[in-house]
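Participant: If it helps, the file is called upload_7.pdb and holds PDB, C-alpha atoms:
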ATOM      1  CA  LEU A   1     119.683 135.543 101.220
ATOM      2  CA  MET A   2     121.360 133.155  98.804
ATOM      3  CA  ILE A   3     118.747 133.855  96.133
ATOM      4  CA  GLN A   4     119.195 137.562  96.711
ATOM      5  CA  ASN A   5     122.993 137.232  96.296
ATOM      6  CA  LEU A   6     122.513 135.138  93.172
ATOM      7  CA  SER A   7     120.107 137.707  91.755
ATOM      8  CA  TYR A   8     122.575 140.461  92.558
ATOM      9  CA  GLU A   9     125.416 138.553  90.810
ATOM     10  CA  VAL A  10     123.224 137.951  87.755
ATOM     11  CA  SER A  11     122.420 141.683  87.607
ATOM     12  CA  ARG A  12     126.104 142.600  87.896
ATOM     13  CA  THR A  13     126.996 140.060  85.219
ATOM     14  CA  GLN A  14     124.271 141.438  82.952
ATOM     15  CA  ILE A  15     125.561 144.980  83.467
ATOM     16  CA  THR A  16     129.107 143.802  82.683
ATOM     17  CA  VAL A  17     127.904 142.011  79.529
ATOM     18  CA  ASN A  18     125.931 145.089  78.452
ATOM     19  CA  ASN A  19     128.976 147.320  79.036
ATOM     20  CA  LEU A  20     131.224 144.944  77.081
ATOM     21  CA  SER A  21     128.669 144.783  74.288
ATOM     22  CA  LEU A  22     128.531 148.575  74.128
ATOM     23  CA  GLU A  23     132.332 148.812  74.112
ATOM     24  CA  MET A  24     132.522 146.213  71.315
ATOM     25  CA  ARG A  25     130.022 148.171  69.197
ATOM     26  CA  GLU A  26     132.001 151.363  69.757
ATOM     27  CA  PHE A  27     135.236 149.538  68.895
ATOM     28  CA  LYS A  28     133.713 148.063  65.705
ATOM     29  CA  ASN A  29     132.456 151.499  64.633
ATOM     30  CA  GLU A  30     135.848 153.021  65.315
ATOM     31  CA  MET A  31     137.565 150.244  63.327
ATOM     32  CA  ARG A  32     135.110 150.709  60.443
ATOM     33  CA  LEU A  33     135.908 154.437  60.345
ATOM     34  CA  ASP A  34     139.659 153.743  60.565
ATOM     35  CA  ARG A  35     139.437 151.234  57.687
ATOM     36  CA  LYS A  36     137.444 153.719  55.597
ATOM     37  CA  GLU A  37     140.065 156.416  56.237
ATOM     38  CA  MET A  38     142.910 154.000  55.443
ATOM     39  CA  ASN A  39     141.250 152.985  52.155
ATOM     40  CA  ARG A  40     140.907 156.659  51.252
ATOM     41  CA  LYS A  41     144.587 157.228  52.001
ATOM     42  CA  TRP A  42     145.595 154.181  49.909
ATOM     43  CA  GLY A  43     143.493 155.562  47.049
ATOM     44  CA  ASP A  44     145.172 158.958  47.360
ATOM     45  CA  LEU A  45     148.595 157.300  47.371
ATOM     46  CA  ALA A  46     147.756 155.225  44.272
ATOM     47  CA  ASN A  47     146.577 158.366  42.455
ATOM     48  CA  LYS A  48     149.721 160.216  43.488
ATOM     49  CA  TRP A  49     151.876 157.319  42.220
ATOM     50  CA  GLY A  50     150.094 157.504  38.855
ATOM     51  CA  THR A  51     150.765 161.236  38.545
ATOM     52  CA  ILE A  52     154.424 160.694  39.497
ATOM     53  CA  VAL A  53     154.780 158.303  36.543
ATOM     54  CA  GLU A  54     153.025 160.835  34.274
ATOM     55  CA  ASP A  55     155.547 163.412  35.501
ATOM     56  CA  LEU A  56     158.346 161.081  34.320
ATOM     57  CA  VAL A  57     156.727 160.522  30.925
ATOM     58  CA  TYR A  58     155.758 164.152  30.266
ATOM     59  CA  PRO A  59     159.232 165.620  29.631
ATOM     60  CA  ASN A  60     160.186 162.683  27.378
ATOM     61  CA  ILE A  61     157.240 162.902  24.964
ATOM     62  CA  LYS A  62     158.777 165.696  22.869
ATOM     63  CA  ASN A  63     162.096 163.803  22.769
ATOM     64  CA  ILE A  64     160.499 160.603  21.475
ATOM     65  CA  ALA A  65     158.354 162.643  19.056
ATOM     66  CA  GLU A  66     161.510 164.056  17.523
ATOM     67  CA  LYS A  67     163.561 160.846  17.708
ATOM     68  CA  TYR A  68     160.946 158.413  16.354
ATOM     69  CA  PHE A  69     158.183 160.374  14.609
ATOM     70  CA  GLY A  70     159.967 163.234  12.838
ATOM     71  CA  CYS A  71     158.333 165.959  14.929
ATOM     72  CA  LYS A  72     160.432 169.011  15.720
ATOM     73  CA  LYS A  73     160.177 170.269  19.312
ATOM     74  CA  GLU A  74     159.723 173.872  18.207
ATOM     75  CA  GLU A  75     156.765 172.852  15.999
ATOM     76  CA  CYS A  76     154.741 171.520  18.927
ATOM     77  CA  GLU A  77     151.491 173.502  18.780
ATOM     78  CA  ASP A  78     150.014 172.287  22.051
ATOM     79  CA  PHE A  79     151.357 170.160  24.884
ATOM     80  CA  ILE A  80     148.646 168.982  27.260
ATOM     81  CA  LEU A  81     148.970 167.203  30.598
ATOM     82  CA  ARG A  82     145.920 165.602  32.251
ATOM     83  CA  ARG A  83     143.111 167.002  30.121
ATOM     84  CA  MET A  84     139.530 166.143  31.036
ATOM     85  CA  LYS A  85     137.420 166.208  27.899
ATOM     86  CA  LYS A  86     133.826 165.406  27.069
ATOM     87  CA  GLY A  87     133.200 163.805  23.683
ATOM     88  CA  LYS A  88     130.086 164.207  21.543
ATOM     89  CA  GLY A  89     127.409 162.220  23.355
ATOM     90  CA  ARG A  90     130.083 160.529  25.486
ATOM     91  CA  LYS A  91     131.035 160.724  29.104
ATOM     92  CA  GLN A  92     134.024 162.729  30.230
ATOM     93  CA  LYS A  93     137.468 161.117  29.810
ATOM     94  CA  GLU A  94     140.897 162.066  31.068
ATOM     95  CA  PHE A  95     143.719 162.118  28.551
ATOM     96  CA  ASP A  96     147.115 161.858  30.249
ATOM     97  CA  ILE A  97     149.401 163.575  27.727
ATOM     98  CA  ILE A  98     148.704 164.967  24.261
ATOM     99  CA  ALA A  99     151.333 166.566  22.017
ATOM    100  CA  VAL A 100     149.958 168.326  18.939
ATOM    101  CA  TYR A 101     152.130 168.941  15.878
ATOM    102  CA  PRO A 102     151.168 170.360  12.449
ATOM    103  CA  ASP A 103     150.380 166.929  10.950
ATOM    104  CA  LYS A 104     150.569 164.535  13.934
ATOM    105  CA  VAL A 105     149.107 164.109  17.402
ATOM    106  CA  ILE A 106     150.702 161.946  20.073
ATOM    107  CA  VAL A 107     148.063 160.548  22.409
ATOM    108  CA  ASN A 108     149.589 159.059  25.545
ATOM    109  CA  GLU A 109     148.072 156.834  28.207
ATOM    110  CA  THR A 110     150.257 156.466  31.299
ATOM    111  CA  LYS A 111     149.812 153.881  34.041
ATOM    112  CA  ALA A 112     151.923 153.313  37.154
ATOM    113  CA  SER A 113     151.854 149.598  36.378
ATOM    114  CA  ALA A 114     151.080 148.095  32.998
ATOM    115  CA  LYS A 115     148.159 145.673  33.218
ATOM    116  CA  GLN A 116     146.460 143.857  30.372
ATOM    117  CA  ASP A 117     143.069 145.493  30.932
ATOM    118  CA  TYR A 118     144.668 148.977  30.855
ATOM    119  CA  ALA A 119     146.305 148.141  27.529
ATOM    120  CA  GLU A 120     143.004 146.760  26.181
ATOM    121  CA  GLN A 121     141.104 149.911  27.166
ATOM    122  CA  PHE A 122     143.669 152.069  25.367
ATOM    123  CA  VAL A 123     143.575 149.827  22.280
ATOM    124  CA  ASN A 124     139.774 150.138  22.188
ATOM    125  CA  LEU A 125     140.008 153.919  22.374
ATOM    126  CA  ILE A 126     142.679 154.162  19.689
ATOM    127  CA  LYS A 127     141.458 151.560  17.188
ATOM    128  CA  ASP A 128     138.351 153.628  16.441
ATOM    129  CA  LYS A 129     139.795 156.996  15.387
ATOM    130  CA  ALA A 130     136.244 158.393  15.451
ATOM    131  CA  LEU A 131     136.398 158.137  19.259
ATOM    132  CA  ILE A 132     139.451 160.401  19.385
ATOM    133  CA  TYR A 133     137.801 162.797  16.932
ATOM    134  CA  ASP A 134     134.648 162.837  19.104
ATOM    135  CA  TYR A 135     136.782 164.232  21.916
ATOM    136  CA  PHE A 136     139.076 166.328  19.691
ATOM    137  CA  PRO A 137     137.437 167.200  16.349
ATOM    138  CA  GLU A 138     140.315 169.616  15.692
ATOM    139  CA  PHE A 139     142.649 166.618  15.223
ATOM    140  CA  LYS A 140     140.868 165.418  12.049
ATOM    141  CA  GLY A 141     143.348 165.058   9.208
ATOM    142  CA  LYS A 142     146.293 164.572  11.564
ATOM    143  CA  GLU A 143     148.039 161.239  12.103
ATOM    144  CA  ILE A 144     147.281 159.859  15.565
ATOM    145  CA  ILE A 145     150.344 158.286  17.211
ATOM    146  CA  PRO A 146     149.323 156.245  20.273
ATOM    147  CA  VAL A 147     151.846 155.729  23.076
ATOM    148  CA  PHE A 148     151.138 153.573  26.145
ATOM    149  CA  ALA A 149     153.607 154.326  28.959
ATOM    150  CA  SER A 150     154.487 152.747  32.273
ATOM    151  CA  LEU A 151     157.605 152.360  34.404
ATOM    152  CA  GLU A 152     157.911 148.830  33.079
ATOM    153  CA  ILE A 153     155.928 146.958  30.420
ATOM    154  CA  PRO A 154     155.902 143.140  30.587
ATOM    155  CA  GLU A 155     156.755 141.327  27.353
ATOM    156  CA  ASN A 156     153.234 139.939  26.834
ATOM    157  CA  ILE A 157     151.681 143.409  27.082
ATOM    158  CA  LEU A 158     154.339 144.906  24.800
ATOM    159  CA  LYS A 159     153.532 142.216  22.202
ATOM    160  CA  TYR A 160     149.827 143.020  22.541
ATOM    161  CA  LEU A 161     150.479 146.748  22.063
ATOM    162  CA  THR A 162     152.753 146.070  19.080
ATOM    163  CA  LYS A 163     150.109 143.828  17.479
ATOM    164  CA  HIS A 164     147.683 146.772  17.693
ATOM    165  CA  LYS A 165     150.254 149.300  16.409
ATOM    166  CA  ILE A 166     150.613 151.122  19.715
ATOM    167  CA  TYR A 167     154.015 152.214  20.930
ATOM    168  CA  GLY A 168     155.124 151.083  24.375
ATOM    169  CA  MET A 169     157.174 153.516  26.443
ATOM    170  CA  ALA A 170     158.985 152.584  29.664
ATOM    171  CA  MET A 171     162.208 153.127  31.591
ATOM    172  CA  LYS A 172     165.243 152.200  29.528
ATOM    173  CA  ASP A 173     168.672 152.906  30.973
ATOM    174  CA  ASP A 174     168.217 156.281  32.696
ATOM    175  CA  THR A 175     165.188 157.694  30.863
ATOM    176  CA  MET A 176     161.812 156.807  29.336
ATOM    177  CA  ASP A 177     162.048 155.465  25.789
ATOM    178  CA  ILE A 178     160.049 153.585  23.157
ATOM    179  CA  LEU A 179     160.417 149.813  23.536
ATOM    180  CA  ASN A 180     158.908 148.822  20.162
ATOM    181  CA  PRO A 181     160.049 151.494  17.681
ATOM    182  CA  ASP A 182     159.748 149.245  14.620
ATOM    183  CA  LEU A 183     155.943 149.190  14.294
TER     184      LEU A 183
END
Could you express the structure from this file as structure tokens?
Facilitator:
Amino acid sequence: LMIQNLSYEVSRTQITVNNLSLEMREFKNEMRLDRKEMNRKWGDLANKWGTIVEDLVYPNIKNIAEKYFGCKKEECEDFILRRMKKGKGRKQKEFDIIAVYPDKVIVNETKASAKQDYAEQFVNLIKDKALIYDYFPEFKGKEIIPVFASLEIPENILKYLTKHKIYGMAMKDDTMDILNPDL
């Protein structure tokens, strides 16, 4: 009888362990799905934050074009926000803001937060004008004016941009403005 009771207890314990194991697997799967969904939501929020900053930069581009680069607002031929473009033999690239004037083109890269690698990527795109012309052959013969924008640009990144003749644009007082106008 004692062996039978012991065997019964072992069976009950095994059933309990099996049930707990099954519940743990279900819980882990549920947590994995929740984490995946949360990561997706964080990604969506980060993308939305980036477009909010672009929405702050967008209305100021024509103002800085007139103030710093001698471009008249009424002469703006094309004003492009978030253009996906495929270059000759190149993969597709998104251009944040482009303002086209008769003899100049402002090419803007906007980031929610200014990081060194973002600035380096923009420098690499801009320093080889042929890359821009691969994407926009119609810009040949026009001066390319590069503007890197963010809510705030740390001093070291602004120095890096200035060294590479790229304008830095960030919040200044109550609006977006060029931080290094004396290139």
Participant: Determine the nearest neighbour of Lys67 in chain A from the options A:Val123, A:Met2, A:Ile178, A:Val53, counting only C-alpha atoms.
Facilitator: A:Ile178
Participant: Specify as number ranges by chain each residue included when the PyMOL selection byres ((chain A and resi 182) around 12) is applied to this file.
Facilitator: A: 68-69, 162-163, 165-168, 178-181, 183
Participant: Take the residues that were just selected and, keeping C-alpha atoms, output them as a PDB file, in the frame of the given file.
Facilitator:
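Saved as out.pdb:
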ATOM      1  CA  TYR A  68     160.946 158.413  16.354  1.00  0.00           C
ATOM      2  CA  PHE A  69     158.183 160.374  14.609  1.00  0.00           C
ATOM      3  CA  THR A 162     152.753 146.070  19.080  1.00  0.00           C
ATOM      4  CA  LYS A 163     150.109 143.828  17.479  1.00  0.00           C
ATOM      5  CA  LYS A 165     150.254 149.300  16.409  1.00  0.00           C
ATOM      6  CA  ILE A 166     150.613 151.122  19.715  1.00  0.00           C
ATOM      7  CA  TYR A 167     154.015 152.214  20.930  1.00  0.00           C
ATOM      8  CA  GLY A 168     155.124 151.083  24.375  1.00  0.00           C
ATOM      9  CA  ILE A 178     160.049 153.585  23.157  1.00  0.00           C
ATOM     10  CA  LEU A 179     160.417 149.813  23.536  1.00  0.00           C
ATOM     11  CA  ASN A 180     158.908 148.822  20.162  1.00  0.00           C
ATOM     12  CA  PRO A 181     160.049 151.494  17.681  1.00  0.00           C
ATOM     13  CA  LEU A 183     155.943 149.190  14.294  1.00  0.00           C
TER      14      LEU A 183
END
Participant: I'd like the residues picked by the PyMOL selection byres ((chain A and resi 85) around 10) written out as a list of chain:residue names, using the chain letters and numbers from the file.
Facilitator: A:Arg82, A:Arg83, A:Met84, A:Lys86, A:Gly87, A:Lys88, A:Arg90, A:Lys91, A:Gln92, A:Lys93, A:Glu94, A:Phe95, A:Asp134, A:Tyr135, A:Phe136
Participant: Could you dump the residues just selected with C-alpha atoms as a PDB file, in the frame of the given file?
Facilitator:
ATOM      1  CA  ARG A  82     145.920 165.602  32.251  1.00  0.00           C
ATOM      2  CA  ARG A  83     143.111 167.002  30.121  1.00  0.00           C
ATOM      3  CA  MET A  84     139.530 166.143  31.036  1.00  0.00           C
ATOM      4  CA  LYS A  86     133.826 165.406  27.069  1.00  0.00           C
ATOM      5  CA  GLY A  87     133.200 163.805  23.683  1.00  0.00           C
ATOM      6  CA  LYS A  88     130.086 164.207  21.543  1.00  0.00           C
ATOM      7  CA  ARG A  90     130.083 160.529  25.486  1.00  0.00           C
ATOM      8  CA  LYS A  91     131.035 160.724  29.104  1.00  0.00           C
ATOM      9  CA  GLN A  92     134.024 162.729  30.230  1.00  0.00           C
ATOM     10  CA  LYS A  93     137.468 161.117  29.810  1.00  0.00           C
ATOM     11  CA  GLU A  94     140.897 162.066  31.068  1.00  0.00           C
ATOM     12  CA  PHE A  95     143.719 162.118  28.551  1.00  0.00           C
ATOM     13  CA  ASP A 134     134.648 162.837  19.104  1.00  0.00           C
ATOM     14  CA  TYR A 135     136.782 164.232  21.916  1.00  0.00           C
ATOM     15  CA  PHE A 136     139.076 166.328  19.691  1.00  0.00           C
TER      16      PHE A 136
END
Participant: Counting all atoms listed in the file, which of A:Arg12, A:Lys41, A:His164, A:Arg35 gets nearest to Phe148 in chain A?
Facilitator: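 The shortest atom-to-atom distance to Phe148 in chain A comes from A:His164.
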Participant: Could you check the closest approach to Asn108 in chain A for each of A:Tyr8, A:Tyr58, A:Phe139, A:Phe27 and tell me which residue wins, using only C-alpha atoms?
Facilitator: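 Result for the nearest residue to Asn108 in chain A: A:Tyr58.
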Participant: With the PyMOL selection byres ((chain A and resi 177) around 12) as the selection, what would be picked from this file? Answer as number ranges by chain, please.
Facilitator: A: 56-68, 147-153, 167-176, 178-181
Participant: Distance CA of Lys127 in chain A-CA of Lys140 in chain A, one decimal place?
Facilitator: 14.8 Å
Participant: Rounded to one decimal, what separation in Å do you get between CA of Asn156 in chain A and CA of Ala119 in chain A?
Facilitator: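 Computing it gives 10.8 Å between the two atoms.
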Participant: Measuring between only C-alpha atoms, which one of A:Ile106, A:Val17, A:Ala99, A:Met24 shows the shortest distance to Glu74 in chain A?
Facilitator: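 When distances to Glu74 in chain A are compared using only C-alpha atoms, the smallest one comes from A:Ala99.
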Participant: What is the CA of Lys104 in chain A-CA of Leu125 in chain A distance in Å, reported with one decimal?
Facilitator: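 Separation between CA of Lys104 in chain A and CA of Leu125 in chain A: 17.2 Å.
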Participant: I need the residue nearest Ile52 in chain A from this list: A:Lys111, A:Arg32, A:Arg40, A:Lys129. Use only C-alpha atoms for the distance.
Facilitator: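 So, comparing all the options, the nearest one is A:Lys111.
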Participant: Select, from A:Ala130, A:Leu158, A:Ile80, A:Ile98, the residue with the minimum atom-to-atom distance to Ala114 in chain A, counting all atoms listed in the file.
Facilitator: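 Of A:Ala130, A:Leu158, A:Ile80, A:Ile98, the one nearest Ala114 in chain A is A:Leu158, counting all atoms listed in the file.
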Participant: Taking (144.5, 170.0, 14.5) in the coordinates of the supplied file, I want to know which residues reach to within 8 Å of it, counting only C-alpha atoms; could you give the answer as a VMD selection string?
Facilitator: chain A and resid 100 to 103 137 to 142
